[in-house]
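> Got a structure for you, my_file-v5.txt, holding compact mmCIF, C-alpha atoms and all ligand atoms.
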```txt
# COMPACT_ATOMS: atom_id res chain seq x y z
CA MET A 24 86.42 189.18 -29.35
CA VAL A 25 82.98 187.61 -29.49
CA GLU A 26 81.23 188.18 -26.17
CA SER A 27 77.87 186.67 -26.76
CA ILE A 28 76.42 184.04 -29.08
CA GLU A 29 72.71 183.72 -28.74
CA ILE A 30 71.03 180.31 -28.79
CA THR A 31 68.27 180.72 -31.37
CA ASP A 32 66.69 177.32 -30.78
CA SER A 33 67.36 173.69 -29.90
CA ARG A 34 65.85 170.32 -30.72
CA ILE A 35 65.98 166.79 -29.45
CA THR A 36 65.52 163.52 -31.32
CA LYS A 37 65.08 159.98 -30.07
CA ILE A 38 67.67 157.77 -31.77
CA PHE A 39 68.96 154.24 -30.96
CA ASP A 40 72.13 153.20 -29.17
CA SER A 41 74.41 150.22 -29.89
CA ARG A 42 72.19 147.89 -27.82
CA GLY A 43 69.14 148.98 -29.80
CA ASN A 44 67.74 150.99 -26.91
CA PRO A 45 66.38 154.51 -27.40
CA ALA A 46 68.86 157.32 -26.72
CA ILE A 47 68.60 161.12 -26.70
CA GLU A 48 70.28 163.32 -29.25
CA ALA A 49 70.28 167.09 -28.73
CA THR A 50 71.11 169.91 -31.11
CA ILE A 51 71.87 173.49 -30.11
CA ILE A 52 71.20 175.99 -32.90
CA LEU A 53 73.08 179.29 -33.19
CA ASN A 54 73.07 181.73 -36.06
CA TYR A 55 75.02 179.87 -38.76
CA ALA A 56 76.34 177.05 -36.54
CA THR A 57 74.93 174.04 -34.75
CA GLY A 58 76.22 171.38 -32.35
CA THR A 59 74.77 167.90 -31.93
CA SER A 60 75.47 165.31 -29.26
CA SER A 61 73.89 162.10 -28.01
CA ALA A 62 74.17 160.43 -24.60
CA PRO A 63 75.21 156.80 -24.00
CA ALA A 64 73.84 154.34 -21.42
CA GLY A 65 75.49 152.12 -18.81
CA ALA A 66 74.53 148.58 -17.79
CA SER A 67 76.68 148.35 -14.66
CA THR A 68 75.59 151.79 -13.50
CA GLY A 69 76.90 153.18 -10.22
CA LYS A 70 74.35 153.80 -7.46
CA THR A 71 75.49 157.42 -7.06
CA GLU A 72 75.20 158.35 -10.74
CA VAL A 73 72.61 160.91 -11.77
CA ILE A 74 69.34 159.39 -13.03
CA ALA A 75 69.58 158.71 -16.80
CA TYR A 76 65.83 159.12 -17.47
CA PRO A 77 63.01 160.05 -15.08
CA LYS A 78 61.31 156.84 -13.94
CA ASN A 79 63.50 154.98 -16.41
CA ASN A 80 61.47 156.27 -19.35
CA ILE A 81 63.08 158.37 -22.08
CA ASP A 82 59.70 159.89 -23.00
CA ASN A 83 59.62 161.66 -19.63
CA SER A 84 62.80 163.47 -20.66
CA VAL A 85 61.25 164.38 -24.02
CA ASP A 86 58.17 165.81 -22.26
CA PHE A 87 60.34 167.70 -19.79
CA TYR A 88 62.34 169.24 -22.63
CA ASN A 89 59.20 170.35 -24.48
CA LYS A 90 57.55 171.82 -21.38
CA HIS A 91 60.46 173.35 -19.49
CA VAL A 92 63.73 173.46 -21.43
CA ARG A 93 63.28 174.54 -25.04
CA ASN A 94 61.94 178.03 -24.33
CA ALA A 95 64.29 178.59 -21.40
CA LEU A 96 67.32 178.05 -23.66
CA LYS A 97 66.21 180.50 -26.36
CA GLY A 98 68.27 183.67 -26.15
CA PHE A 99 70.80 182.24 -23.69
CA ASN A 100 74.46 183.07 -24.31
CA ALA A 101 76.02 179.82 -25.54
CA LEU A 102 79.51 181.12 -24.71
CA ASN A 103 78.63 180.87 -21.03
CA GLN A 104 79.00 177.09 -20.68
CA SER A 105 78.98 177.10 -16.89
CA GLY A 106 75.88 179.33 -16.89
CA PHE A 107 74.25 176.97 -19.39
CA ASP A 108 74.99 173.99 -17.13
CA THR A 109 73.76 175.86 -14.05
CA LEU A 110 70.54 176.65 -15.91
CA LEU A 111 70.07 172.92 -16.60
CA HIS A 112 70.45 172.23 -12.87
CA GLU A 113 67.96 174.99 -12.04
CA LEU A 114 65.39 173.78 -14.55
CA ASP A 115 65.69 170.27 -13.12
CA GLY A 116 65.57 171.41 -9.51
CA THR A 117 66.89 168.15 -7.96
CA ASP A 118 70.42 167.08 -7.06
CA ASN A 119 70.48 164.09 -9.39
CA PHE A 120 68.66 165.22 -12.55
CA SER A 121 65.73 163.00 -11.66
CA GLU A 122 63.18 165.41 -13.20
CA MET A 123 64.99 166.13 -16.47
CA GLY A 124 67.11 163.01 -16.84
CA GLY A 125 70.91 163.14 -16.75
CA ASN A 126 71.13 161.94 -20.33
CA LEU A 127 69.09 164.90 -21.62
CA ALA A 128 71.34 167.22 -19.60
CA THR A 129 74.48 165.51 -20.92
CA ALA A 130 73.40 165.68 -24.57
CA LEU A 131 72.39 169.38 -24.30
CA SER A 132 75.52 170.37 -22.39
CA ILE A 133 77.92 168.78 -24.88
CA ALA A 134 75.84 169.95 -27.86
CA ASN A 135 76.23 173.52 -26.60
CA ALA A 136 80.04 173.20 -26.41
CA LYS A 137 80.09 171.67 -29.90
CA ALA A 138 77.94 174.47 -31.30
CA VAL A 139 80.28 177.14 -29.92
CA SER A 140 83.40 175.36 -31.16
CA ASN A 141 81.79 175.12 -34.62
CA TYR A 142 80.77 178.80 -34.50
CA LEU A 143 84.24 179.97 -33.46
CA GLU A 144 85.96 177.42 -35.72
CA ILE A 145 88.14 176.25 -32.83
CA PRO A 146 88.80 172.52 -32.46
CA LEU A 147 86.53 171.11 -29.77
CA TYR A 148 89.39 169.81 -27.60
CA ARG A 149 90.93 173.28 -27.58
CA TYR A 150 87.63 174.98 -26.79
CA VAL A 151 86.87 172.72 -23.81
CA GLY A 152 90.38 172.18 -22.55
CA GLY A 153 92.82 174.93 -23.30
CA LEU A 154 96.40 174.95 -24.36
CA HIS A 155 98.13 171.66 -23.67
CA PRO A 156 96.34 168.84 -25.43
CA GLN A 157 97.88 165.39 -25.30
CA ILE A 158 97.06 162.09 -26.98
CA PRO A 159 95.98 159.34 -24.54
CA ARG A 160 96.58 155.57 -24.89
CA PRO A 161 93.73 153.30 -25.97
CA MET A 162 92.51 150.81 -23.35
CA GLY A 163 90.62 148.15 -25.31
CA ASN A 164 88.15 145.57 -24.05
CA ILE A 165 89.18 142.06 -25.19
CA ILE A 166 87.13 139.53 -23.15
CA GLY A 167 84.05 140.46 -21.18
CA GLY A 168 81.20 139.29 -19.04
CA GLY A 169 79.42 140.62 -15.97
CA LYS A 170 76.45 142.75 -16.91
CA HIS A 171 77.70 143.15 -20.49
CA SER A 172 76.86 139.62 -21.62
CA LYS A 173 74.76 136.61 -20.64
CA ASN A 174 77.24 133.77 -20.26
CA GLY A 175 80.65 135.38 -19.91
CA THR A 176 83.11 135.77 -17.05
CA THR A 177 82.18 137.19 -13.65
CA ILE A 178 84.77 139.93 -14.05
CA GLN A 179 83.27 142.49 -16.43
CA GLU A 180 86.25 143.41 -18.63
CA PHE A 181 89.69 142.03 -19.52
CA LEU A 182 91.56 144.87 -21.20
CA VAL A 183 94.80 145.62 -23.02
CA SER A 184 96.64 148.80 -23.88
CA SER A 185 99.36 148.56 -26.52
CA GLN A 186 102.00 151.25 -26.45
CA GLY A 187 102.69 151.75 -30.16
CA LYS A 188 104.64 154.66 -31.59
CA THR A 189 101.40 156.37 -32.60
CA PHE A 190 97.81 156.15 -31.42
CA TYR A 191 96.96 154.47 -34.72
CA ASP A 192 99.58 151.78 -34.05
CA SER A 193 98.35 151.27 -30.51
CA VAL A 194 94.78 150.75 -31.70
CA TYR A 195 96.04 148.36 -34.37
CA TYR A 196 97.95 146.18 -31.86
CA ASN A 197 94.93 146.13 -29.55
CA ILE A 198 92.91 144.87 -32.51
CA LEU A 199 95.52 142.17 -33.18
CA VAL A 200 95.24 140.97 -29.57
CA HIS A 201 91.43 140.93 -29.89
CA ARG A 202 91.72 138.86 -33.08
CA ARG A 203 94.23 136.42 -31.57
CA VAL A 204 92.06 135.92 -28.48
CA GLY A 205 89.10 135.15 -30.77
CA GLU A 206 91.15 132.44 -32.51
CA LYS A 207 92.28 130.96 -29.20
CA LEU A 208 88.76 130.88 -27.80
CA SER A 209 87.40 129.12 -30.89
CA GLU A 210 90.19 126.56 -30.67
CA LYS A 211 89.59 125.94 -26.99
CA LEU A 212 85.82 125.74 -27.20
CA LYS A 213 85.57 123.66 -30.37
CA GLY A 214 81.98 123.36 -31.50
CA GLN A 215 80.68 125.92 -29.03
CA SER A 216 79.81 129.42 -30.04
CA VAL A 217 81.98 132.37 -29.15
CA GLY A 218 80.20 135.71 -29.28
CA LEU A 219 80.67 139.40 -28.68
CA GLY A 220 79.32 141.29 -25.66
CA ASP A 221 77.88 144.80 -25.49
CA GLU A 222 81.27 146.44 -25.98
CA LYS A 223 82.36 143.96 -28.71
CA ALA A 224 84.69 142.12 -26.39
CA TRP A 225 84.66 138.33 -26.77
CA THR A 226 82.25 136.54 -24.51
CA ALA A 227 82.29 132.79 -23.97
CA ASP A 228 81.73 130.14 -21.36
CA VAL A 229 85.18 130.37 -19.76
CA SER A 230 86.22 131.01 -16.17
CA ASP A 231 87.89 134.23 -15.08
CA GLU A 232 91.18 132.33 -14.69
CA GLU A 233 90.93 130.92 -18.23
CA ALA A 234 90.20 134.41 -19.56
CA ILE A 235 93.28 135.78 -17.79
CA GLU A 236 95.48 133.03 -19.25
CA ILE A 237 94.13 133.34 -22.80
CA MET A 238 94.47 137.12 -22.87
CA LYS A 239 97.94 137.02 -21.32
CA GLU A 240 99.09 134.46 -23.87
CA ALA A 241 97.65 136.39 -26.84
CA ALA A 242 99.04 139.72 -25.62
CA GLY A 243 102.45 138.08 -25.05
CA GLU A 244 102.49 136.72 -28.62
CA ILE A 245 101.42 140.00 -30.26
CA SER A 246 103.91 141.84 -28.06
CA SER A 247 106.90 139.74 -29.12
CA GLU A 248 105.85 139.42 -32.78
CA ASN A 249 105.62 143.21 -33.09
CA LYS A 250 108.12 144.31 -30.44
CA VAL A 251 105.54 146.43 -28.70
CA LYS A 252 104.79 146.78 -25.01
CA ILE A 253 101.27 145.76 -24.06
CA TYR A 254 99.77 146.55 -20.67
CA LEU A 255 97.11 144.27 -19.21
CA GLY A 256 94.04 145.54 -17.41
CA VAL A 257 90.83 144.50 -15.78
CA ASP A 258 87.56 146.15 -14.77
CA PHE A 259 86.04 143.99 -12.04
CA ALA A 260 82.89 146.16 -11.80
CA ALA A 261 82.83 144.34 -8.45
CA ASP A 262 79.69 146.03 -7.21
CA SER A 263 77.68 144.02 -9.71
CA PHE A 264 78.60 140.70 -8.04
CA TYR A 265 78.81 141.84 -4.42
CA ASN A 266 76.04 140.10 -2.48
CA ASN A 267 75.51 139.82 1.27
CA GLY A 268 79.04 140.95 2.11
CA LYS A 269 80.78 138.54 -0.32
CA TYR A 270 82.08 138.66 -3.87
CA ASP A 271 80.03 136.05 -5.65
CA TYR A 272 82.01 134.26 -8.38
CA LYS A 273 80.17 131.48 -10.17
CA THR A 274 81.91 128.64 -8.35
CA SER A 275 83.08 130.32 -5.15
CA LYS A 276 82.59 133.37 -2.94
CA LYS A 277 85.34 135.68 -1.72
CA THR A 278 85.47 137.76 1.46
CA GLN A 279 86.74 141.34 1.34
CA ASP A 280 90.23 140.16 2.35
CA GLU A 281 90.25 137.45 -0.30
CA GLN A 282 89.05 139.89 -2.94
CA ILE A 283 91.81 142.33 -2.02
CA ASP A 284 94.38 139.50 -2.24
CA TYR A 285 92.97 138.51 -5.63
CA ALA A 286 93.28 142.06 -7.00
CA VAL A 287 96.84 142.31 -5.64
CA SER A 288 97.76 138.95 -7.18
CA LEU A 289 96.61 140.10 -10.61
CA ASN A 290 99.35 142.69 -10.43
CA LYS A 291 102.02 140.67 -8.60
CA GLU A 292 101.55 137.30 -10.33
CA HIS A 293 100.13 138.23 -13.71
CA GLY A 294 101.59 141.71 -14.20
CA PHE A 295 98.26 143.54 -14.61
CA TYR A 296 98.79 147.31 -14.67
CA PHE A 297 95.21 148.64 -14.77
CA ILE A 298 92.76 147.57 -12.06
CA GLU A 299 89.31 149.18 -12.01
CA ASP A 300 86.60 148.81 -9.36
CA PRO A 301 88.10 145.79 -7.56
CA LEU A 302 85.68 146.28 -4.63
CA TYR A 303 82.05 147.34 -4.15
CA ASP A 304 81.18 150.96 -4.73
CA ASN A 305 81.49 152.34 -1.21
CA ASP A 306 84.55 150.53 0.12
CA PHE A 307 86.86 153.57 0.16
CA GLU A 308 89.03 151.87 2.83
CA GLY A 309 89.43 148.60 0.95
CA PHE A 310 90.45 150.51 -2.19
CA ALA A 311 93.04 152.37 -0.09
CA GLU A 312 94.48 149.05 1.09
CA ILE A 313 94.93 147.87 -2.49
CA THR A 314 96.43 151.21 -3.55
CA LYS A 315 98.86 151.02 -0.64
CA LYS A 316 99.95 147.53 -1.69
CA ILE A 317 100.30 147.93 -5.46
CA GLY A 318 99.63 151.62 -6.27
CA GLU A 319 103.33 152.24 -6.88
CA ASP A 320 103.40 150.13 -10.01
CA SER A 321 99.79 149.91 -11.12
CA LEU A 322 96.79 152.12 -11.74
CA ILE A 323 93.94 151.60 -9.28
CA VAL A 324 90.91 153.17 -10.91
CA GLY A 325 87.62 154.22 -9.31
CA ASP A 326 84.54 154.17 -11.56
CA ASP A 327 81.39 153.18 -9.63
CA LEU A 328 83.31 154.33 -6.54
CA TYR A 329 83.33 157.96 -7.73
CA THR A 330 80.73 158.24 -10.53
CA THR A 331 82.58 161.36 -11.76
CA ASN A 332 81.28 163.15 -8.66
CA SER A 333 83.75 165.68 -7.24
CA ALA A 334 82.59 165.21 -3.62
CA ARG A 335 83.23 161.48 -3.86
CA ILE A 336 86.58 162.07 -5.62
CA GLN A 337 87.53 164.42 -2.76
CA LYS A 338 86.75 161.64 -0.29
CA GLY A 339 88.96 159.28 -2.30
CA ILE A 340 91.76 161.86 -2.25
CA ASP A 341 91.45 162.29 1.52
CA MET A 342 91.47 158.54 2.10
CA LYS A 343 94.13 157.77 -0.55
CA SER A 344 91.68 155.26 -2.04
CA THR A 345 92.95 155.22 -5.63
CA ASN A 346 95.54 156.82 -7.87
CA ALA A 347 93.18 157.19 -10.86
CA VAL A 348 89.60 158.20 -11.68
CA LEU A 349 87.35 156.99 -14.49
CA ILE A 350 85.48 159.86 -16.16
CA LYS A 351 82.03 159.50 -17.78
CA VAL A 352 80.05 162.67 -18.52
CA ASN A 353 76.61 161.14 -18.12
CA GLN A 354 77.41 159.86 -14.63
CA ILE A 355 77.31 163.49 -13.47
CA GLY A 356 75.21 165.12 -16.21
CA THR A 357 77.02 168.23 -17.47
CA LEU A 358 80.29 169.21 -19.06
CA SER A 359 81.07 171.76 -16.31
CA ASP A 360 80.62 169.19 -13.54
CA THR A 361 82.82 166.76 -15.48
CA VAL A 362 85.58 169.33 -15.96
CA LYS A 363 85.42 170.16 -12.24
CA SER A 364 86.00 166.48 -11.40
CA VAL A 365 88.82 166.11 -13.93
CA LYS A 366 90.58 169.21 -12.60
CA LEU A 367 90.20 168.12 -8.97
CA ALA A 368 91.70 164.71 -9.76
CA THR A 369 94.56 166.16 -11.82
CA LYS A 370 95.40 168.78 -9.19
CA ASN A 371 95.76 165.97 -6.68
CA SER A 372 98.07 163.91 -8.89
CA MET A 373 95.47 161.36 -9.84
CA ASP A 374 95.43 160.10 -13.40
CA THR A 375 92.19 160.32 -15.35
CA VAL A 376 90.77 157.73 -17.74
CA VAL A 377 87.98 158.97 -20.02
CA SER A 378 85.49 156.20 -20.74
CA HIS A 379 82.68 155.11 -23.03
CA ARG A 380 79.54 153.36 -21.72
CA SER A 381 78.48 149.85 -22.63
CA GLY A 382 75.52 151.20 -24.63
CA GLU A 383 77.04 153.75 -27.01
CA THR A 384 76.13 156.07 -29.85
CA THR A 385 78.54 157.25 -32.54
CA ASP A 386 79.16 160.52 -30.67
CA ASP A 387 82.92 161.14 -30.55
CA PHE A 388 83.05 163.81 -27.84
CA ILE A 389 85.01 161.67 -25.38
CA ALA A 390 87.95 161.68 -27.82
CA HIS A 391 88.12 165.47 -27.42
CA LEU A 392 87.65 165.28 -23.66
CA ALA A 393 90.53 162.82 -23.25
CA VAL A 394 92.85 164.87 -25.47
CA ALA A 395 91.85 168.18 -23.87
CA PHE A 396 92.62 167.08 -20.33
CA ASN A 397 95.67 164.85 -20.86
CA SER A 398 93.94 161.66 -19.78
CA LYS A 399 96.31 158.74 -19.47
CA PHE A 400 93.94 156.35 -21.21
CA ILE A 401 90.76 156.46 -23.25
CA LYS A 402 88.75 153.33 -22.49
CA THR A 403 86.44 152.78 -25.42
CA GLY A 404 86.55 149.23 -26.70
CA THR A 405 88.64 147.67 -29.47
CA ILE A 406 86.30 147.12 -32.42
CA GLY A 407 82.70 148.03 -33.34
CA GLY A 408 81.56 151.15 -35.19
CA GLU A 409 80.38 153.03 -32.11
CA ARG A 410 83.74 152.34 -30.37
CA LEU A 411 85.84 153.13 -33.44
CA ALA A 412 83.99 156.44 -33.83
CA LYS A 413 85.94 157.60 -30.77
CA LEU A 414 89.23 155.85 -31.56
CA ASN A 415 89.25 157.13 -35.15
CA GLU A 416 88.63 160.67 -33.89
CA VAL A 417 91.71 160.44 -31.64
CA ILE A 418 93.67 159.23 -34.68
CA ARG A 419 92.55 162.40 -36.52
CA LEU A 420 93.39 164.61 -33.54
CA GLU A 421 96.85 163.08 -33.35
CA GLU A 422 97.44 164.10 -36.98
CA ASP A 423 96.28 167.64 -36.11
CA LEU A 424 98.68 167.84 -33.20
CA ILE A 425 101.81 166.57 -34.94
O1 LIG A 501 81.94 149.81 -16.02
C1 LIG A 501 82.34 150.47 -16.99
O2 LIG A 501 83.47 150.95 -16.94
C2 LIG A 501 81.42 150.79 -18.14
C3 LIG A 501 82.12 150.92 -19.46
O3 LIG A 501 82.97 149.88 -19.78
O4 LIG A 501 80.33 149.94 -18.20
P1 LIG A 501 78.85 150.56 -18.11
O5 LIG A 501 78.73 151.58 -19.16
O6 LIG A 501 77.92 149.39 -18.29
O7 LIG A 501 78.72 151.18 -16.74
MG MG A 502 83.83 150.34 -14.86
```
Turn the structure described in the file into structure tokens.
Ligand SMILES: O=C(O)[C@@H](CO)OP(=O)(O)O
Ligand SMILES: [Mg+2]

Amino acid sequence: MVESIEITDSRITKIFDSRGNPAIEATIILNYATGTSSAPAGASTGKTEVIAYPKNNIDNSVDFYNKHVRNALKGFNALNQSGFDTLLHELDGTDNFSEMGGNLATALSIANAKAVSNYLEIPLYRYVGGLHPQIPRPMGNIIGGGKHSKNGTTIQEFLVSSQGKTFYDSVYYNILVHRRVGEKLSEKLKGQSVGLGDEKAWTADVSDEEAIEIMKEAAGEISSENKVKIYLGVDFAADSFYNNGKYDYKTSKKTQDEQIDYAVSLNKEHGFYFIEDPLYDNDFEGFAEITKKIGEDSLIVGDDLYTTNSARIQKGIDMKSTNAVLIKVNQIGTLSDTVKSVKLATKNSMDTVVSHRSGETTDDFIAHLAVAFNSKFIKTGTIGGERLAKLNEVIRLEEDLI
């Protein structure tokens, strides 16, 4: 049994993410093994997330690393992941990583786990998650707007999840829906351009209702042509259009009651199964009302509501706010904090959905996280290299597990 693996050194590099913004990549160096990871970036960030970069400037994280982190990590036992993550908290000294930057912490924390899994030659999902890995279902973004594009829908994401026989099949059918929706949008908007948003979902000048109809129609066609069940989903990211107590759609405003009715109708009238962030990010009671009404036959998912923060998830458990939690490592800053949140949710019979961010790198760690902790879905787009990096990794893991 190996008891200690000393960190000999580490390094960080500024790279670029899928939006062309600078991102942090960290490498942990052991004797004869290394681990490298890079952190993504949100656009519709939750107010209770840790701070991505001090004063919104990546160079402050680079300076902090050079002054305070690099030497402190030398000689540390990489096998002690929770000690490593505690050390990151101590070096930062705040409760939201505002000195170090949560993205530096995230990249270092995951890089350390990758280095150890490489050293021990244990698959990453087994090293972080134990004995009962399971393949999730892909939840793919088909039409988008909100903060992920300039002229799209008010609702941030219209999603599908195909239930193929294998993960590969499910990804393939999601891609077919994406393709069919692209054709339908071009037909409908003859002469106008149809583009792709940050997550490579289609974005066009259509209303939310038109987007619902087009996606439903396309998913229905692909479903019957291929005899495959396709679930529909939506991420309102409602906090990003909540102003002065109302939900501000382009042509109308909705009160809390009307917004709740709208979310419920997506399930009751249109058969949507997956409903994320239907209300602003502190309305624990409103979420509970929706969960009470449709939680039996749909997944009500908290993202900005919880920000992968175990104290907020506990509040949601106490108030029966949702039956599912979205998980993003860089909302909370370390692997140990993420695992704590996942375990809390799972212990309380909440499903977990591991998610990408709108600004991504090609890091594929979330594939391992989703498999390790039996997440119901992995939400990471439909097409685009940085999205497929994760989906293709799950395809490989599925082959390993068969
Ligand atoms: O709201 C979300 O779920 C995410 C990912 O789709 O968006 P962002 O990374 O911009 O927070
Ligand atoms: Mg979200």
> Of the residues A:Leu414, A:Ile237, A:Ile323, A:Ile74, which is the one nearest to ligand MG 502 (chain A), using only C-alpha atoms and all ligand atoms?
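Distance minimum relative to ligand MG 502 (chain A) lands on A:Ile323.
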> Neighbouring residues of ligand MG 502 (chain A) are defined here as those with any atom at most 6 Å from a ligand atom, counting all atoms listed in the file; list them as a PyMOL selection string.
chain A and resi 258+260+326
> Extract, using only C-alpha atoms, all DNA, RNA and protein residues at most 8 Å from A:Thr345, discarding same-chain residues fewer than 3 positions from it, and format them as a PyMOL selection string.
chain A and resi 310-311+314+318+322-325+339-340+348+373
> Considering only C-alpha atoms and all ligand atoms, tabulate each residue of chain A that lies at most 7 Å from ligand LIG 501 (chain A) along with its nearest interatomic pair and the corresponding distance in Å to one decimal; arrange the rows by chain and ascending residue number and present them as CSV.

```
residue,atom,partner,partner_atom,distance
A:Ala64,CA,A:LIG501,O5,6.1
A:Gly65,CA,A:LIG501,O5,3.3
A:Ala66,CA,A:LIG501,O6,3.5
A:Ser67,CA,A:LIG501,O6,4.0
A:Thr68,CA,A:LIG501,O7,4.5
A:Lys170,CA,A:LIG501,O6,6.9
A:His171,CA,A:LIG501,O6,6.6
A:Asp258,CA,A:LIG501,O2,6.7
A:Ala260,CA,A:LIG501,O1,5.7
A:Asp326,CA,A:LIG501,O2,6.4
A:Ser378,CA,A:LIG501,C3,6.4
A:His379,CA,A:LIG501,C3,5.5
A:Arg380,CA,A:LIG501,O5,3.2
A:Ser381,CA,A:LIG501,O5,3.9
A:Gly382,CA,A:LIG501,O5,6.4
```
> Which one is closest to A:Asp306: A:Thr31, A:Gln282, A:Thr59, A:Thr403? Count all atoms listed in the file.
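Under the stated criterion, the closest residue is A:Gln282.
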> If we count only C-alpha atoms, what is near A:Thr361 at a cut-off of 8 Å, once residues fewer than 5 positions away on the same chain are taken out, given as a list in words?
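Returned residues: Thr331, Asn332, Ile350, Lys351, Val352, Ile355 and Gly356 of chain A.
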> Stretch 406-412 of chain A, all listed atoms, 4 Å padding on each side: what axis-aligned box centre and edge lengths in Å to one decimal come out, as lines of an AutoDock Vina configuration file?

```
center_x = 83.3
center_y = 151.8
center_z = -32.8
size_x = 13.9
size_y = 17.3
size_z = 12.8
```
> Considering all atoms listed in the file, state which residue in the set A:Thr357, A:Ser263, A:Thr50, A:Ser344 is at the smallest distance from A:Asp327.
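Once distances to A:Asp327 are computed over all atoms listed in the file, the minimum belongs to A:Ser263.
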> Could you list, as a PyMOL selection string, every residue within 9 Å of A:Glu48, counting all atoms listed in the file and ignoring same-chain residues fewer than 3 positions away?
chain A and resi 34-38+59-62+127+130-131+134
> So the first atom is atom CA of A:Ile317 and the second is atom CA of A:Ser275; what is the distance between them in Å, to one decimal place?
24.6 Å
> Nearest residue to A:Leu420 out of A:Asp374, A:Leu147, A:Tyr296, A:Glu206, using only C-alpha atoms?
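With only C-alpha atoms as the atom set, the closest residue is A:Leu147.
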> For each of A:Ser288, A:Tyr196, A:Val217, A:Thr177, take the minimum atom-to-atom distance to A:Asp271, counting only C-alpha atoms, then give the residue where this is smallest.
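Checking each of A:Ser288, A:Tyr196, A:Val217, A:Thr177 against A:Asp271, counting only C-alpha atoms, the winner is A:Thr177.
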> For A:Ile313, which of A:Tyr265, A:Tyr329, A:Tyr195, A:Tyr285 is the closest residue, counting all atoms listed in the file?
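Closest to A:Ile313, using all atoms listed in the file: A:Tyr285.
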> Quick check, in Å to one decimal: how far apart do atom CA of A:Asn346 and atom CA of A:Ser364 lie?
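Those two atoms sit 14.0 Å apart.
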> Which neighbours of A:Leu96 fall inside 9 Å, counting all atoms listed in the file, when residues of the same chain fewer than 6 positions from it are skipped, and could you give them as a ChimeraX atom specification?
/A:30-33,107,110
> Taking 3 positions as the minimum chain separation for residues in the same chain, which residues sit within 12 Å of A:His155 when counting all atoms listed in the file? Answer as a ChimeraX atom specification.
/A:148-152,158,393-398,424
> Any idea what the distance is between atom CA of A:Gln215 and atom CA of A:Leu411?
28.0 Å
> Since the input has fewer atoms than a full residue there, write stretch 360-373 of chain A out with N, CA and C atoms, as an mmCIF file, keeping the file's coordinate frame.

```
data_model
loop_
_atom_site.group_PDB
_atom_site.id
_atom_site.type_symbol
_atom_site.label_atom_id
_atom_site.label_comp_id
_atom_site.auth_asym_id
_atom_site.auth_seq_id
_atom_site.Cartn_x
_atom_site.Cartn_y
_atom_site.Cartn_z
ATOM 1 N N ASP A 360 80.402 170.069 -14.699
ATOM 2 C CA ASP A 360 80.620 169.190 -13.540
ATOM 3 C C ASP A 360 81.731 168.178 -13.840
ATOM 4 N N THR A 361 81.782 167.723 -15.083
ATOM 5 C CA THR A 361 82.820 166.760 -15.480
ATOM 6 C C THR A 361 84.203 167.411 -15.399
ATOM 7 N N VAL A 362 84.295 168.633 -15.944
ATOM 8 C CA VAL A 362 85.580 169.330 -15.960
ATOM 9 C C VAL A 362 86.040 169.608 -14.517
ATOM 10 N N LYS A 363 85.088 169.935 -13.653
ATOM 11 C CA LYS A 363 85.420 170.160 -12.240
ATOM 12 C C LYS A 363 86.053 168.896 -11.634
ATOM 13 N N SER A 364 85.480 167.755 -11.927
ATOM 14 C CA SER A 364 86.000 166.480 -11.400
ATOM 15 C C SER A 364 87.381 166.165 -11.978
ATOM 16 N N VAL A 365 87.528 166.385 -13.281
ATOM 17 C CA VAL A 365 88.820 166.110 -13.930
ATOM 18 C C VAL A 365 89.905 166.993 -13.310
ATOM 19 N N LYS A 366 89.564 168.272 -13.127
ATOM 20 C CA LYS A 366 90.580 169.210 -12.600
ATOM 21 C C LYS A 366 90.929 168.870 -11.156
ATOM 22 N N LEU A 367 89.942 168.490 -10.365
ATOM 23 C CA LEU A 367 90.200 168.120 -8.970
ATOM 24 C C LEU A 367 91.149 166.919 -8.922
ATOM 25 N N ALA A 368 90.858 165.912 -9.746
ATOM 26 C CA ALA A 368 91.700 164.710 -9.760
ATOM 27 C C ALA A 368 93.124 165.076 -10.189
ATOM 28 N N THR A 369 93.237 165.829 -11.278
ATOM 29 C CA THR A 369 94.560 166.160 -11.820
ATOM 30 C C THR A 369 95.379 166.977 -10.827
ATOM 31 N N LYS A 370 94.713 167.929 -10.176
ATOM 32 C CA LYS A 370 95.400 168.780 -9.190
ATOM 33 C C LYS A 370 95.964 167.945 -8.045
ATOM 34 N N ASN A 371 95.322 166.838 -7.778
ATOM 35 C CA ASN A 371 95.760 165.970 -6.680
ATOM 36 C C ASN A 371 96.546 164.763 -7.169
ATOM 37 N N SER A 372 97.175 164.930 -8.323
ATOM 38 C CA SER A 372 98.070 163.910 -8.890
ATOM 39 C C SER A 372 97.412 162.570 -9.154
ATOM 40 N N MET A 373 96.114 162.600 -9.412
ATOM 41 C CA MET A 373 95.470 161.360 -9.840
ATOM 42 C C MET A 373 95.381 161.363 -11.357
#
```
